[in-house]
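Shown here: model-v2.tsv, TSV, C-alpha atoms.
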```tsv
chain	number	residue	atom	x	y	z
A	1	MET	CA	101.23	144.57	91.42
A	2	GLY	CA	102.04	143.16	87.99
A	3	ILE	CA	100.25	140.16	86.51
A	4	SER	CA	101.58	138.08	83.65
A	5	LEU	CA	100.89	134.80	81.92
A	6	GLY	CA	102.95	131.84	83.14
A	7	PRO	CA	105.16	129.75	80.82
A	8	ASN	CA	103.15	126.52	80.59
A	9	GLN	CA	100.52	127.17	77.94
A	10	TYR	CA	99.08	124.05	76.36
A	11	GLY	CA	96.26	122.77	74.26
A	12	LYS	CA	95.54	119.17	75.23
A	13	ALA	CA	93.33	116.34	74.05
A	14	GLU	CA	92.77	112.78	75.23
A	15	VAL	CA	91.39	110.05	73.00
A	16	ARG	CA	90.37	106.43	73.49
A	17	LEU	CA	91.33	104.60	70.33
A	18	VAL	CA	90.41	101.01	69.47
A	19	THR	CA	91.48	99.54	66.15
A	20	VAL	CA	90.61	96.18	64.60
A	21	ARG	CA	92.77	94.83	61.80
A	22	ARG	CA	91.14	91.96	59.95
A	23	ASP	CA	93.40	89.39	58.34
A	24	GLY	CA	90.70	87.13	56.98
A	25	PRO	CA	88.96	85.45	59.91
A	26	VAL	CA	91.70	86.47	62.37
A	27	HIS	CA	91.28	89.90	63.97
A	28	HIS	CA	94.00	91.93	65.70
A	29	LEU	CA	92.83	94.30	68.45
A	30	ARG	CA	94.61	97.42	69.75
A	31	ASP	CA	93.24	99.48	72.64
A	32	LEU	CA	95.00	102.78	73.37
A	33	THR	CA	94.55	105.92	75.41
A	34	VAL	CA	96.28	108.70	73.48
A	35	SER	CA	96.97	112.10	75.04
A	36	THR	CA	98.35	115.01	73.01
A	37	ALA	CA	99.72	118.24	74.46
A	38	LEU	CA	100.78	121.09	72.16
A	39	ARG	CA	102.81	124.07	73.29
A	40	GLY	CA	103.62	127.20	71.36
A	41	ASP	CA	102.82	130.88	70.98
A	42	LEU	CA	99.42	130.77	72.70
A	43	GLU	CA	99.57	134.01	74.64
A	44	ALA	CA	96.97	135.78	72.51
A	45	THR	CA	94.21	133.28	73.17
A	46	HIS	CA	94.73	133.53	76.93
A	47	LEU	CA	94.90	137.33	77.06
A	48	THR	CA	92.50	138.44	74.32
A	49	GLY	CA	90.63	135.38	73.08
A	50	ASP	CA	92.39	135.48	69.71
A	51	ASN	CA	92.40	131.81	68.64
A	52	HIS	CA	94.48	132.03	65.45
A	53	ALA	CA	97.23	129.81	66.95
A	54	VAL	CA	94.97	127.30	68.70
A	55	LEU	CA	94.72	123.82	67.25
A	56	ALA	CA	91.35	122.71	68.56
A	57	THR	CA	91.14	119.51	70.58
A	58	ASP	CA	88.64	118.38	67.94
A	59	THR	CA	91.42	118.57	65.34
A	60	GLN	CA	93.88	116.80	67.60
A	61	LYS	CA	91.34	114.03	68.27
A	62	ASN	CA	90.51	113.54	64.60
A	63	THR	CA	94.19	113.52	63.65
A	64	VAL	CA	94.70	110.55	65.98
A	65	TYR	CA	91.79	108.68	64.38
A	66	ALA	CA	92.88	109.52	60.83
A	67	PHE	CA	96.49	108.47	61.43
A	68	ALA	CA	95.26	105.15	62.85
A	69	LYS	CA	93.29	104.57	59.66
A	70	GLN	CA	95.92	105.72	57.16
A	71	GLN	CA	98.70	103.54	58.57
A	72	ASP	CA	98.70	100.63	61.00
A	73	VAL	CA	99.33	101.90	64.54
A	74	GLY	CA	102.37	99.66	64.88
A	75	GLU	CA	104.51	100.17	67.98
A	76	ILE	CA	103.12	102.87	70.24
A	77	GLU	CA	106.46	104.74	70.18
A	78	ASP	CA	106.34	105.00	66.38
A	79	PHE	CA	102.69	106.09	66.44
A	80	ALA	CA	103.49	108.81	68.99
A	81	LEU	CA	106.48	109.97	66.94
A	82	ARG	CA	104.35	110.26	63.79
A	83	LEU	CA	101.74	112.31	65.61
A	84	GLY	CA	104.23	114.58	67.38
A	85	ARG	CA	106.22	115.31	64.24
A	86	HIS	CA	103.03	116.03	62.31
A	87	PHE	CA	101.78	118.61	64.81
A	88	VAL	CA	105.12	120.45	64.97
A	89	ALA	CA	105.66	120.38	61.19
A	90	THR	CA	102.16	121.53	60.19
A	91	GLN	CA	101.30	124.13	62.84
A	92	GLU	CA	103.32	127.33	62.50
A	93	LYS	CA	102.67	128.49	66.07
A	94	ILE	CA	103.30	125.11	67.74
A	95	HIS	CA	106.93	124.40	68.63
A	96	THR	CA	106.55	121.37	70.94
A	97	ALA	CA	104.30	118.33	70.93
A	98	ARG	CA	104.11	115.75	73.69
A	99	VAL	CA	102.23	112.53	72.93
A	100	THR	CA	101.54	110.03	75.69
A	101	ILE	CA	100.08	106.60	74.93
A	102	ALA	CA	98.95	103.82	77.25
A	103	GLU	CA	98.20	100.46	75.66
A	104	HIS	CA	95.60	98.26	77.36
A	105	ALA	CA	96.32	94.59	76.75
A	106	TRP	CA	93.78	92.02	75.59
A	107	ASP	CA	94.23	88.25	75.28
A	108	ARG	CA	92.45	85.93	72.91
A	109	ILE	CA	89.83	83.81	74.65
A	110	PRO	CA	90.80	80.13	74.45
A	111	VAL	CA	88.15	77.87	72.95
A	112	ALA	CA	88.74	74.10	72.92
A	113	GLY	CA	92.41	74.75	73.64
A	114	SER	CA	92.98	77.26	70.83
A	115	PRO	CA	92.85	81.09	70.85
A	116	HIS	CA	89.64	82.42	69.30
A	117	ASP	CA	90.00	84.44	66.10
A	118	HIS	CA	87.97	87.46	67.24
A	119	ALA	CA	87.00	87.13	70.93
A	120	PHE	CA	89.16	88.71	73.63
A	121	SER	CA	89.40	89.23	77.40
A	122	ARG	CA	91.21	92.00	79.23
A	123	SER	CA	94.49	90.70	80.63
A	124	GLY	CA	94.60	92.68	83.87
A	125	ASP	CA	95.59	96.18	84.92
A	126	GLU	CA	99.04	96.21	83.34
A	127	THR	CA	99.56	98.81	80.59
A	128	ARG	CA	102.45	99.51	78.27
A	129	THR	CA	103.22	103.23	78.05
A	130	THR	CA	105.21	105.77	76.11
A	131	THR	CA	105.64	109.54	76.21
A	132	VAL	CA	107.22	111.12	73.14
A	133	THR	CA	108.29	114.76	73.13
A	134	VAL	CA	108.95	116.34	69.74
A	135	ARG	CA	110.52	119.78	69.49
A	136	GLU	CA	111.95	121.45	66.42
A	137	ASP	CA	115.50	120.68	67.57
A	138	LEU	CA	115.17	117.32	69.36
A	139	VAL	CA	113.12	114.21	70.12
A	140	ARG	CA	112.88	112.32	73.42
A	141	VAL	CA	111.21	108.94	74.00
A	142	VAL	CA	110.28	107.65	77.47
A	143	SER	CA	108.57	104.24	77.57
A	144	GLY	CA	107.45	102.04	80.41
A	145	VAL	CA	104.92	99.87	82.14
A	146	ASP	CA	102.18	100.59	84.70
A	147	GLY	CA	100.42	98.26	87.11
A	148	LEU	CA	102.73	95.26	86.79
A	149	VAL	CA	101.88	93.37	90.00
A	150	VAL	CA	104.62	91.05	91.28
A	151	LEU	CA	105.08	88.99	94.43
A	152	LYS	CA	107.58	86.55	95.83
A	153	SER	CA	106.93	84.49	98.91
A	154	GLY	CA	110.55	84.15	100.00
A	155	GLY	CA	113.98	85.63	99.49
A	156	SER	CA	113.13	88.93	101.22
A	157	GLU	CA	114.09	90.39	104.60
A	158	PHE	CA	113.65	93.70	106.42
A	159	HIS	CA	115.53	94.49	109.60
A	160	GLY	CA	118.02	96.88	111.16
A	161	PHE	CA	115.78	99.95	110.76
A	162	PRO	CA	115.53	102.61	113.52
A	163	ARG	CA	113.04	101.96	116.33
A	164	ASP	CA	111.42	104.46	118.67
A	165	GLU	CA	108.34	104.65	120.86
A	166	TYR	CA	106.08	104.72	117.78
A	167	THR	CA	107.53	101.64	116.03
A	168	THR	CA	105.42	98.49	116.04
A	169	LEU	CA	106.74	96.75	112.91
A	170	ALA	CA	108.57	93.53	113.72
A	171	GLU	CA	111.89	92.79	112.06
A	172	THR	CA	111.87	89.80	109.76
A	173	ASP	CA	114.30	87.63	107.82
A	174	ASP	CA	111.53	85.97	105.81
A	175	ARG	CA	108.65	87.98	104.37
A	176	ILE	CA	106.39	88.24	101.36
A	177	LEU	CA	107.61	90.97	99.02
A	178	ALA	CA	104.92	92.36	96.72
A	179	THR	CA	104.48	95.53	94.68
A	180	ALA	CA	102.65	97.05	91.70
A	181	LEU	CA	105.50	98.22	89.51
A	182	THR	CA	105.47	101.48	87.61
A	183	ALA	CA	108.59	101.84	85.48
A	184	ARG	CA	109.74	104.48	83.01
A	185	TRP	CA	112.90	104.30	80.94
A	186	ARG	CA	114.39	107.04	78.78
A	187	TYR	CA	115.82	106.02	75.46
A	188	GLN	CA	118.83	107.49	73.69
A	189	GLY	CA	117.88	107.88	70.04
A	190	THR	CA	114.90	106.68	68.03
A	191	GLY	CA	116.19	103.97	65.67
A	192	ILE	CA	115.20	101.22	68.11
A	193	ASP	CA	113.23	97.98	67.88
A	194	TRP	CA	110.66	99.18	70.41
A	195	ALA	CA	108.82	95.88	70.86
A	196	LYS	CA	111.99	93.84	71.40
A	197	SER	CA	113.44	96.44	73.75
A	198	HIS	CA	110.23	96.55	75.81
A	199	ARG	CA	110.14	92.75	76.08
A	200	GLU	CA	113.78	92.54	77.13
A	201	ILE	CA	113.51	95.35	79.69
A	202	LYS	CA	110.41	93.82	81.25
A	203	ARG	CA	112.05	90.37	81.30
A	204	THR	CA	115.19	91.79	82.93
A	205	MET	CA	113.23	93.59	85.64
A	206	LEU	CA	111.11	90.52	86.43
A	207	GLU	CA	114.08	88.18	86.53
A	208	THR	CA	115.96	90.55	88.83
A	209	PHE	CA	112.97	90.92	91.13
A	210	ALA	CA	112.67	87.14	91.33
A	211	THR	CA	116.33	86.30	91.89
A	212	LYS	CA	117.72	89.20	93.94
A	213	HIS	CA	117.75	88.32	97.63
A	214	SER	CA	116.26	91.49	99.02
A	215	LEU	CA	117.15	93.22	102.28
A	216	SER	CA	114.87	96.13	101.36
A	217	LEU	CA	112.58	97.16	98.54
A	218	GLN	CA	115.00	100.04	97.89
A	219	GLN	CA	117.78	97.53	97.23
A	220	THR	CA	115.51	95.63	94.85
A	221	LEU	CA	114.63	98.87	93.02
A	222	TYR	CA	118.27	99.72	92.40
A	223	ALA	CA	119.10	96.18	91.32
A	224	MET	CA	116.28	96.19	88.76
A	225	GLY	CA	117.30	99.54	87.29
A	226	GLU	CA	120.98	98.61	87.22
A	227	ALA	CA	120.23	95.33	85.45
A	228	VAL	CA	118.29	97.16	82.73
A	229	LEU	CA	121.11	99.63	82.09
A	230	LEU	CA	123.71	96.86	81.95
A	231	ALA	CA	121.66	94.85	79.47
A	232	GLN	CA	120.13	97.60	77.29
A	233	GLN	CA	122.63	100.10	75.91
A	234	GLU	CA	119.85	102.15	74.30
A	235	VAL	CA	118.46	103.13	77.73
A	236	ALA	CA	119.88	106.22	79.45
A	237	GLU	CA	118.00	106.01	82.76
A	238	VAL	CA	115.27	104.10	84.55
A	239	ARG	CA	112.75	105.56	87.00
A	240	LEU	CA	110.88	103.15	89.24
A	241	SER	CA	107.94	103.55	91.60
A	242	LEU	CA	107.25	100.60	93.92
A	243	PRO	CA	104.45	100.69	96.50
A	244	ASN	CA	105.14	98.13	99.20
A	245	LYS	CA	102.11	95.83	99.20
A	246	HIS	CA	102.34	94.57	102.76
A	247	HIS	CA	101.34	91.04	103.74
A	248	PHE	CA	101.06	90.39	107.47
A	249	LEU	CA	100.85	87.10	109.34
A	250	VAL	CA	97.42	86.40	110.79
A	251	ASP	CA	97.49	85.75	114.54
A	252	LEU	CA	95.85	82.33	114.89
A	253	SER	CA	96.91	81.77	118.51
A	254	PRO	CA	93.41	82.59	119.91
A	255	PHE	CA	92.26	79.44	118.10
A	256	GLY	CA	95.10	77.28	119.34
A	257	LEU	CA	96.73	77.29	115.89
A	258	GLU	CA	100.33	78.02	114.97
A	259	ASN	CA	100.90	80.19	111.88
A	260	SER	CA	104.36	79.39	110.54
A	261	GLY	CA	104.25	81.69	107.54
A	262	GLU	CA	101.27	80.15	105.77
A	263	VAL	CA	98.29	82.47	106.32
A	264	PHE	CA	98.52	86.24	105.66
A	265	TYR	CA	96.26	89.20	105.18
A	266	ALA	CA	97.04	91.71	102.44
A	267	ALA	CA	96.83	95.34	103.55
A	268	ASP	CA	96.26	97.95	100.85
A	269	ARG	CA	96.47	100.82	103.38
A	270	PRO	CA	98.76	102.09	104.79
A	271	TYR	CA	101.69	101.35	102.53
A	272	GLY	CA	105.16	102.70	101.82
A	273	LEU	CA	106.00	104.07	98.38
A	274	ILE	CA	109.57	103.57	97.26
A	275	GLU	CA	110.76	105.63	94.27
A	276	GLY	CA	114.15	106.09	92.68
A	277	THR	CA	116.15	106.73	89.52
A	278	VAL	CA	119.09	104.76	88.15
A	279	VAL	CA	121.05	106.63	85.47
A	280	ARG	CA	124.16	106.11	83.35
A	281	ASP	CA	127.09	108.37	84.22
A	282	ASP	CA	127.49	109.23	80.52
A	283	ALA	CA	123.77	109.58	79.69
A	284	GLU	CA	122.77	112.37	77.34
A	285	GLU	CA	120.88	115.25	78.95
A	286	PRO	CA	117.16	114.50	79.31
A	287	GLY	CA	116.05	117.93	78.05
A	288	PRO	CA	112.24	117.95	77.96
A	289	ALA	CA	111.86	114.18	78.37
A	290	TRP	CA	110.45	114.26	81.89
A	291	THR	CA	109.10	117.69	82.70
A	292	ASP	CA	106.98	120.44	81.20
A	293	ALA	CA	109.25	123.05	82.75
A	294	VAL	CA	111.89	122.65	80.03
A	295	LEU	CA	109.59	122.39	77.04
```

Have the structure of the file written as structure tokens, please.
Amino acid sequence: MGISLGPNQYGKAEVRLVTVRRDGPVHHLRDLTVSTALRGDLEATHLTGDNHAVLATDTQKNTVYAFAKQQDVGEIEDFALRLGRHFVATQEKIHTARVTIAEHAWDRIPVAGSPHDHAFSRSGDETRTTTVTVREDLVRVVSGVDGLVVLKSGGSEFHGFPRDEYTTLAETDDRILATALTARWRYQGTGIDWAKSHREIKRTMLETFATKHSLSLQQTLYAMGEAVLLAQQEVAEVRLSLPNKHHFLVDLSPFGLENSGEVFYAADRPYGLIEGTVVRDDAEEPGPAWTDAVL
């Protein structure tokens, strides 16, 4: 029986990075989780312990910190591109770098009706994300959002689904629709105003969620992805993951009370997870944008 080393050989590091830029009394806070993954000719270290091609995670970590000091982080896509290009250009044995960044949002604490100069509060679980893959012959940028919780209390139905002896769910033409949105969108090119694009994509998805009369969460998913592609020509495809955050009417009849869609309980388990991809017919090939298998 032969034994050989598989294709996915990486050196990875993960860093929590907080920067404070001080413009006089006003401070600007950035809070990032930065993950770097470097792939190249790493067979020797796995088979013999020869580490001549290994860029230590210590070096990767310190590179992130040094780059944050030498130049303002800026948009997370640009920061990831700078890091990825640096690793590929400076390490002879490394041919691919993947840099993933999640940005954790903070809001200024209001004091007497005005935002404080240097005091902040976390603004929830939502994070802005990007994954940049740099190879000697190409670059791919996938950005997105995690944990964007949305709910609408009307304009949603669910009926006409198959029923058998195990079905207890009642059909409805008026339900609460809620989800915690995870979205990823793949860009075509890099000369993009990342902040503006992110704002517009998020706005488009939220407006579509709010205004689309939904017969299923799947229908809403497609409508949101389609709206992004129609509005943002720089986006090749959108991948969405939507857990259905169920809200069920509370039975108040034992207490002689009628519940006409006013009192619900939110169930975090079990739930359905709806996932899908909406892609342009003429989109460029994703290459290594999504998967390690093609790095």

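Considering all atoms listed in the file, the residue among A:Ala170, A:Leu249, A:Ile101, A:Ala37 positioned nearest to Phe264 in chain A is A:Leu249.
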
**Complete:** Computed gap from CA of Thr208 in chain A to CA of Leu169 in chain A is 26.5 Å

**Request:** Select all residues near (111.6, 94.2, 79.4) (cut-off 12 Å, inclusive, file coordinates), counting all atoms listed in the file, and output them as a ChimeraX atom specification.
**Result:** /A:128,143-145,148,183-185,194-208,224-225,227-229,231-232,235,238

**Request:** One decimal, Å: what's the distance from CA of Trp290 in chain A over to CA of Arg98 in chain A, could you say?
**Result:**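 CA of Trp290 in chain A sits 10.5 Å away from CA of Arg98 in chain A.
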
**Gap from CA of Leu240 in chain A to CA of Thr277 in chain A - Å, one decimal** = 6.4 Å

**Asked** Hey, which of A:His246, A:Arg135, A:Arg30, A:Arg122 ends up closest to Leu177 in chain A? Count only C-alpha atoms.
**Response**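 Of the candidates, the smallest distance to Leu177 in chain A is held by A:His246.
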
**Request:** Would you mind listing what lies within 8 Å of range 280-285 of chain A as a list in words, with all atoms listed in the file counted and same-chain residues fewer than 3 positions away left out?
**Result:**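 Surrounding residues, per the criterion: Gln188, Leu229, Ala236 and Glu237 of chain A.
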